[in-house]
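What follows is the content of query19.cif (mmCIF, C-alpha atoms and all ligand atoms).
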```
data_query
#
loop_
_atom_site.label_atom_id
_atom_site.label_comp_id
_atom_site.auth_asym_id
_atom_site.auth_seq_id
_atom_site.Cartn_x
_atom_site.Cartn_y
_atom_site.Cartn_z
CA MET A 300 2.97 11.09 -28.69
CA LYS A 301 2.41 12.18 -25.14
CA LEU A 302 5.30 14.40 -24.12
CA GLY A 303 5.91 14.67 -20.39
CA CYS A 304 8.31 14.24 -17.48
CA HIS A 305 9.01 12.69 -14.11
CA ILE A 306 7.24 14.43 -11.21
CA SER A 307 7.64 14.17 -7.43
CA VAL A 308 4.78 12.53 -5.59
CA ALA A 309 6.05 13.69 -2.17
CA LYS A 310 3.04 15.96 -1.64
CA GLY A 311 0.54 13.35 -2.73
CA PHE A 312 -0.68 12.00 -6.05
CA SER A 313 -3.32 14.65 -6.75
CA LYS A 314 -0.70 17.45 -6.35
CA ALA A 315 1.59 15.58 -8.75
CA SER A 316 -1.16 15.35 -11.35
CA PHE A 317 -1.98 19.08 -11.03
CA GLN A 318 1.74 19.79 -11.45
CA ALA A 319 1.78 17.71 -14.67
CA ALA A 320 -0.93 19.93 -16.15
CA GLU A 321 0.91 23.03 -14.90
CA LEU A 322 4.10 21.96 -16.71
CA GLY A 323 2.25 21.21 -19.93
CA ALA A 324 2.88 17.47 -19.66
CA ALA A 325 0.54 15.09 -21.49
CA SER A 326 2.11 12.19 -19.59
CA PHE A 327 4.12 11.91 -16.39
CA GLN A 328 5.88 9.45 -14.15
CA VAL A 329 5.91 9.11 -10.36
CA PHE A 330 7.71 6.77 -8.00
CA THR A 331 5.47 4.31 -6.19
CA LYS A 332 7.54 4.95 -3.06
CA ASN A 333 10.92 6.29 -1.97
CA PRO A 334 13.16 5.16 -4.85
CA ARG A 335 16.05 4.29 -2.54
CA GLY A 336 14.04 2.33 -0.02
CA LEU A 337 11.59 -0.52 0.03
CA ARG A 338 9.61 0.48 3.07
CA PRO A 339 5.89 -0.07 2.57
CA LYS A 340 3.98 3.10 1.89
CA LYS A 341 0.58 4.17 3.11
CA VAL A 342 -1.58 5.14 0.18
CA ASP A 343 -4.01 8.03 0.56
CA TYR A 344 -6.86 6.52 -1.45
CA ALA A 345 -9.09 9.61 -1.37
CA ASP A 346 -6.26 11.80 -2.66
CA ALA A 347 -5.35 9.21 -5.30
CA GLU A 348 -8.94 9.18 -6.53
CA LYS A 349 -8.82 12.96 -6.94
CA GLY A 350 -5.68 12.69 -9.04
CA VAL A 351 -7.04 9.84 -11.17
CA ALA A 352 -10.21 11.84 -11.94
CA PHE A 353 -8.12 14.90 -12.82
CA CYS A 354 -5.86 12.93 -15.19
CA ARG A 355 -8.86 11.35 -16.86
CA GLU A 356 -10.51 14.72 -17.37
CA LYS A 357 -7.31 16.25 -18.83
CA GLY A 358 -6.34 13.17 -20.85
CA ILE A 359 -3.03 12.85 -19.01
CA THR A 360 -1.33 9.43 -19.02
CA LEU A 361 0.57 8.12 -16.01
CA VAL A 362 3.49 5.74 -15.77
CA ALA A 363 4.74 4.57 -12.36
CA HIS A 364 8.32 3.66 -11.43
CA THR A 365 9.32 1.14 -8.75
CA PRO A 366 12.35 1.70 -6.42
CA TYR A 367 15.88 1.20 -7.79
CA ILE A 368 17.24 -1.10 -5.13
CA THR A 369 15.24 -4.20 -5.95
CA ASN A 370 17.10 -6.94 -7.79
CA LEU A 371 14.95 -9.39 -9.72
CA SER A 372 17.95 -11.72 -10.10
CA THR A 373 19.36 -11.69 -6.58
CA PRO A 374 20.63 -15.05 -5.31
CA LYS A 375 20.05 -13.82 -1.72
CA VAL A 376 16.88 -15.29 -0.23
CA ASP A 377 16.09 -12.30 2.02
CA LEU A 378 16.54 -9.66 -0.70
CA HIS A 379 14.53 -11.86 -3.07
CA GLU A 380 11.62 -11.99 -0.63
CA VAL A 381 11.72 -8.25 -0.04
CA THR A 382 11.89 -7.59 -3.80
CA VAL A 383 8.82 -9.75 -4.53
CA ARG A 384 6.80 -8.21 -1.70
CA SER A 385 7.83 -4.68 -2.62
CA ILE A 386 7.05 -4.94 -6.35
CA LYS A 387 3.68 -6.56 -5.65
CA GLU A 388 2.90 -3.55 -3.52
CA ASP A 389 4.22 -1.19 -6.23
CA LEU A 390 1.82 -2.75 -8.74
CA HIS A 391 -1.04 -2.17 -6.35
CA ILE A 392 -0.06 1.49 -5.82
CA ALA A 393 0.47 2.02 -9.56
CA GLU A 394 -2.97 0.62 -10.24
CA THR A 395 -4.50 2.85 -7.57
CA TYR A 396 -2.94 5.85 -9.34
CA GLY A 397 -4.34 4.65 -12.67
CA ALA A 398 -0.90 4.04 -14.21
CA ILE A 399 -0.72 2.20 -17.55
CA GLY A 400 2.48 0.54 -16.41
CA ALA A 401 4.95 0.25 -13.54
CA VAL A 402 8.59 0.35 -14.62
CA VAL A 403 10.96 -2.12 -13.02
CA HIS A 404 14.70 -2.39 -13.61
CA CYS A 405 16.08 -5.67 -14.93
CA GLY A 406 18.04 -7.90 -12.59
CA LYS A 407 21.77 -7.86 -11.88
CA HIS A 408 23.39 -11.29 -11.92
CA VAL A 409 26.04 -10.18 -9.34
CA GLY A 410 28.64 -12.66 -10.58
CA GLU A 411 26.33 -15.67 -11.01
CA GLY A 412 26.51 -15.29 -14.79
CA GLU A 413 24.02 -14.06 -17.37
CA GLU A 414 22.22 -17.35 -17.78
CA GLU A 415 21.65 -17.90 -14.06
CA GLY A 416 20.73 -14.24 -13.57
CA THR A 417 18.14 -14.45 -16.35
CA ARG A 418 16.71 -17.70 -14.97
CA ARG A 419 16.39 -16.15 -11.53
CA MET A 420 14.80 -12.99 -12.99
CA VAL A 421 12.14 -15.04 -14.81
CA GLU A 422 11.44 -17.00 -11.63
CA THR A 423 11.02 -13.77 -9.63
CA LEU A 424 8.71 -12.25 -12.25
CA ASN A 425 6.55 -15.38 -12.10
CA GLU A 426 6.28 -15.05 -8.33
CA ILE A 427 5.34 -11.38 -8.54
CA LEU A 428 2.74 -11.86 -11.24
CA ALA A 429 1.19 -15.22 -10.26
CA ASP A 430 -1.83 -13.79 -8.46
CA TYR A 431 -1.83 -10.31 -10.01
CA ASP A 432 -4.71 -9.52 -12.34
CA GLY A 433 -4.73 -5.71 -12.48
CA ASP A 434 -4.73 -3.50 -15.57
CA THR A 435 -1.31 -1.96 -14.91
CA LEU A 436 1.44 -3.78 -16.78
CA LEU A 437 4.84 -4.46 -15.25
CA LEU A 438 7.31 -2.72 -17.60
CA LEU A 439 10.82 -4.07 -18.07
CA GLU A 440 13.25 -1.23 -18.69
CA ASN A 441 16.38 -1.71 -20.80
CA THR A 442 19.61 -1.06 -18.90
CA ALA A 443 22.87 0.73 -19.70
CA GLY A 444 24.70 -2.45 -18.71
CA GLN A 445 26.48 -1.07 -15.66
CA GLY A 446 28.20 -3.72 -13.58
CA THR A 447 26.32 -7.00 -13.96
CA GLU A 448 23.01 -5.54 -15.17
CA LEU A 449 20.93 -7.72 -17.49
CA GLY A 450 18.58 -6.51 -20.23
CA LEU A 451 20.75 -4.38 -22.54
CA LYS A 452 19.38 -5.67 -25.82
CA ILE A 453 15.89 -5.69 -27.28
CA GLU A 454 16.21 -9.44 -27.99
CA ASP A 455 17.17 -10.19 -24.37
CA LEU A 456 14.17 -8.31 -23.02
CA VAL A 457 11.81 -10.09 -25.41
CA LYS A 458 13.30 -13.45 -24.40
CA ILE A 459 12.83 -12.71 -20.70
CA ARG A 460 9.19 -11.67 -21.22
CA GLU A 461 8.44 -14.77 -23.26
CA ALA A 462 10.16 -17.08 -20.78
CA THR A 463 7.77 -16.05 -18.00
CA ASP A 464 4.39 -17.69 -17.42
CA TYR A 465 2.66 -14.30 -17.76
CA PRO A 466 3.92 -12.42 -20.83
CA GLU A 467 0.52 -10.73 -21.15
CA LYS A 468 1.13 -8.97 -17.81
CA ILE A 469 4.51 -7.60 -18.97
CA GLY A 470 5.36 -4.67 -21.25
CA PHE A 471 8.47 -2.64 -22.03
CA CYS A 472 9.86 0.80 -21.28
CA PHE A 473 12.70 1.94 -23.56
CA ASP A 474 15.20 4.40 -22.07
CA THR A 475 17.04 6.32 -24.84
CA CYS A 476 20.07 7.07 -22.61
CA HIS A 477 20.43 3.47 -21.40
CA GLY A 478 20.02 2.13 -24.95
CA PHE A 479 22.72 4.50 -26.26
CA ALA A 480 25.12 3.68 -23.42
CA ALA A 481 24.52 -0.05 -23.94
CA GLY A 482 25.27 0.26 -27.67
CA ALA A 483 21.67 -0.65 -28.61
CA TRP A 484 21.29 2.42 -30.84
CA ASN A 485 22.74 5.72 -32.03
CA LEU A 486 21.89 8.05 -34.93
CA PRO A 487 23.22 5.78 -37.74
CA THR A 488 21.45 2.72 -36.32
CA PHE A 489 18.10 4.29 -35.31
CA ASP A 490 16.20 2.64 -38.18
CA GLU A 491 17.71 -0.73 -37.33
CA LEU A 492 16.55 -0.31 -33.75
CA ILE A 493 12.95 0.29 -34.81
CA GLU A 494 13.14 -2.63 -37.26
CA LYS A 495 14.40 -4.89 -34.50
CA MET A 496 11.60 -3.69 -32.22
CA GLU A 497 9.06 -4.62 -34.90
CA GLU A 498 10.59 -7.97 -35.87
CA THR A 499 10.96 -9.26 -32.33
CA GLY A 500 7.48 -8.23 -31.20
CA TYR A 501 8.96 -5.73 -28.72
CA LEU A 502 7.14 -2.79 -30.31
CA LYS A 503 3.68 -4.28 -29.68
CA SER A 504 4.44 -4.27 -25.96
CA LEU A 505 6.31 -0.97 -25.84
CA ILE A 506 4.27 1.09 -23.38
CA ALA A 507 6.55 4.01 -22.49
CA ILE A 508 9.76 5.76 -23.48
CA HIS A 509 12.19 7.38 -21.04
CA PHE A 510 13.54 10.29 -23.03
CA ASN A 511 17.03 11.29 -21.94
CA ASP A 512 20.27 12.49 -23.50
CA SER A 513 23.46 10.90 -22.19
CA LYS A 514 26.49 12.42 -20.44
CA ALA A 515 28.44 9.23 -21.17
CA PRO A 516 29.52 8.18 -24.69
CA TYR A 517 28.04 5.50 -26.94
CA GLU A 518 28.64 1.97 -25.61
CA SER A 519 30.18 3.34 -22.39
CA ARG A 520 27.78 1.20 -20.32
CA LYS A 521 27.35 4.16 -17.96
CA ASP A 522 23.94 5.45 -16.91
CA ARG A 523 24.27 9.26 -16.79
CA HIS A 524 21.26 11.24 -17.93
CA GLU A 525 21.66 14.64 -19.58
CA LYS A 526 19.27 17.33 -20.78
CA ILE A 527 17.96 16.84 -24.33
CA GLY A 528 20.44 18.16 -26.91
CA LYS A 529 23.19 18.78 -24.34
CA GLY A 530 24.72 15.31 -24.30
CA GLU A 531 26.47 12.68 -26.39
CA ILE A 532 23.30 11.54 -28.18
CA GLY A 533 22.33 15.00 -29.38
CA ALA A 534 19.07 16.58 -30.49
CA GLU A 535 19.20 15.28 -34.06
CA ALA A 536 19.32 11.62 -33.03
CA LEU A 537 16.72 12.04 -30.29
CA THR A 538 14.35 13.87 -32.66
CA ARG A 539 14.17 10.65 -34.70
CA PHE A 540 12.06 9.19 -31.89
CA LEU A 541 9.69 12.16 -32.01
CA HIS A 542 9.26 11.77 -35.77
CA CYS A 543 8.90 7.99 -35.74
CA GLU A 544 5.40 6.94 -36.87
CA GLN A 545 5.63 3.56 -35.15
CA LEU A 546 6.00 5.30 -31.78
CA GLU A 547 3.00 7.60 -32.20
CA GLY A 548 0.79 7.72 -29.11
CA ILE A 549 3.42 6.43 -26.67
CA PRO A 550 4.24 8.48 -23.55
CA ILE A 551 7.67 10.13 -23.91
CA ILE A 552 8.90 10.92 -20.41
CA LEU A 553 11.86 13.15 -19.51
CA GLU A 554 14.07 11.98 -16.65
CA THR A 555 16.72 14.59 -17.37
CA PRO A 556 18.60 16.35 -14.55
CA VAL A 557 16.83 19.46 -13.23
CA GLU A 558 17.28 21.52 -10.10
CA LYS A 559 13.63 22.39 -9.98
CA GLU A 560 10.75 20.48 -11.53
CA GLU A 561 9.52 23.75 -13.08
CA GLU A 562 12.43 23.53 -15.56
CA TYR A 563 10.60 20.67 -17.28
CA ALA A 564 8.00 23.10 -18.66
CA GLU A 565 10.66 24.60 -20.92
CA GLU A 566 12.16 21.23 -21.89
CA ILE A 567 8.71 19.88 -22.83
CA GLN A 568 8.22 22.97 -25.02
CA TYR A 569 11.60 22.24 -26.59
CA LEU A 570 10.43 18.69 -27.40
CA HIS A 571 7.34 20.10 -29.10
CA GLN A 572 9.59 22.36 -31.18
CA LEU A 573 11.82 19.44 -32.14
CA LYS A 574 8.75 17.41 -33.07
CA GLU A 575 7.33 20.21 -35.23
CA GLY A 576 10.74 20.73 -36.81
CA THR A 577 11.23 24.31 -35.67
CA PRO A 578 13.81 24.09 -32.89
CA ALA A 579 14.48 27.40 -31.18
CA HIS A 580 17.98 26.38 -30.06
ZN ZN A 601 14.70 5.40 -17.19
ZN ZN A 602 18.99 5.85 -16.04
#
```
Any chance you could put this one into structure tokens?
Amino acid sequence: MKLGCHISVAKGFSKASFQAAELGAASFQVFTKNPRGLRPKKVDYADAEKGVAFCREKGITLVAHTPYITNLSTPKVDLHEVTVRSIKEDLHIAETYGAIGAVVHCGKHVGEGEEEGTRRMVETLNEILADYDGDTLLLLENTAGQGTELGLKIEDLVKIREATDYPEKIGFCFDTCHGFAAGAWNLPTFDELIEKMEETGYLKSLIAIHFNDSKAPYESRKDRHEKIGKGEIGAEALTRFLHCEQLEGIPIILETPVEKEEEYAEEIQYLHQLKEGTPAH
């Protein structure tokens, strides 16, 4: 398992990769561009190359994350066009940074219904991936099910991937907080979750885990991240992921609330303690 965290890329990709090593992260995540905007971003290729070489030397794995405001299922023609263009660009940036995957949020059907929303999402994914042949996979992240979000269940995500023309270009990112809030798992059903991941073929394409506790209760369908062990999921349930043989080798990335990135150093240490079975608190 590669324990790590989300890191700001505001000062450039090489700085972000140095920061990962500084924090003791064996994996990290960066946004491809401002998460609340879709404005194209200029990539500093020389700086990116420096970061990629550093990560390779240190054996650090990178996952990229695309902006939040895209909607793969939007019925609006203009937002659809912007979404396709933006995510194509995100894939290019993610590849430049050497990311194994670029996380994208599932669509929101915005009142059109689940079936129509899913159809539209598949159509959009096909458009994005038609002429993409890079090594970075597009990773569908499970949602908490806020509003009209699609992609709460493992089965739904597998169906969406298989319905596209390019399943081989698509992988998955499982967010522990979203899954808990969506009712996809909790401590008593952890084993069932892993079984379902195996049976459906999800596990083979599981590329990254977002590791978060939840401020909101089980099945609340609210996406509120909390520090590990301080929320409704709790350390015991989350530790099951760290001890799960089937998940060995997968990047485990914290997206928990911090005031300063430096706080992640301690939380990553805490994860190591949980994994070794000697928690300090
Ligand atoms: Zn996440
Ligand atoms: Zn979230």
Expected answer as a ChimeraX atom specification: residues within 10 Å of ligand ZN 601 (chain A), all atoms listed in the file: /A:305,364,402-404,440-443,472-478,507-511,522,524,552-555
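Distance annotation: of A:Glu411, A:Glu525, A:Glu565, A:Glu575, the residue with the minimal separation from ligand ZN 602 (chain A) is A:Glu525; atom set is all atoms listed in the file.
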Minimum-distance residue to Gly500 (chain A), chosen among A:Gly303, A:Ala534, A:Glu454, A:Glu321 (using all atoms listed in the file):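 The closest residue to Gly500 (chain A) is A:Glu454.
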A:Asp464, A:Asp343, A:Glu558, A:Asp512 ranked by distance to ligand ZN 602 (chain A), top pick (using only C-alpha atoms and all ligand atoms):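 Checking each candidate against ligand ZN 602 (chain A), we get A:Asp512 as the closest.
Distances here use all atoms listed in the file; by that measure, the residue among A:Pro556, A:Gly397, A:Pro550, A:Pro374 closest to ligand ZN 602 (chain A) is A:Pro556.
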Minimum-distance residue to ligand ZN 602 (chain A), chosen among A:Val421, A:Cys405, A:Leu371, A:Val351 (using all atoms listed in the file):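 Nearest candidate to ligand ZN 602 (chain A) out of A:Val421, A:Cys405, A:Leu371, A:Val351: A:Cys405.
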Which residue of A:Glu498, A:Asp490, A:Glu380, A:Glu448 approaches Gly416 (chain A) most closely, using all atoms listed in the file: A:Glu448
Ref. answer, residues at most 12 Å from (3.8, -2.9, -6.4) with all atoms listed in the file, as a PyMOL selection string: chain A and resi 330-332+337-340+342+363-366+369+381-396+398+400-403+427-428+431+433+435-438
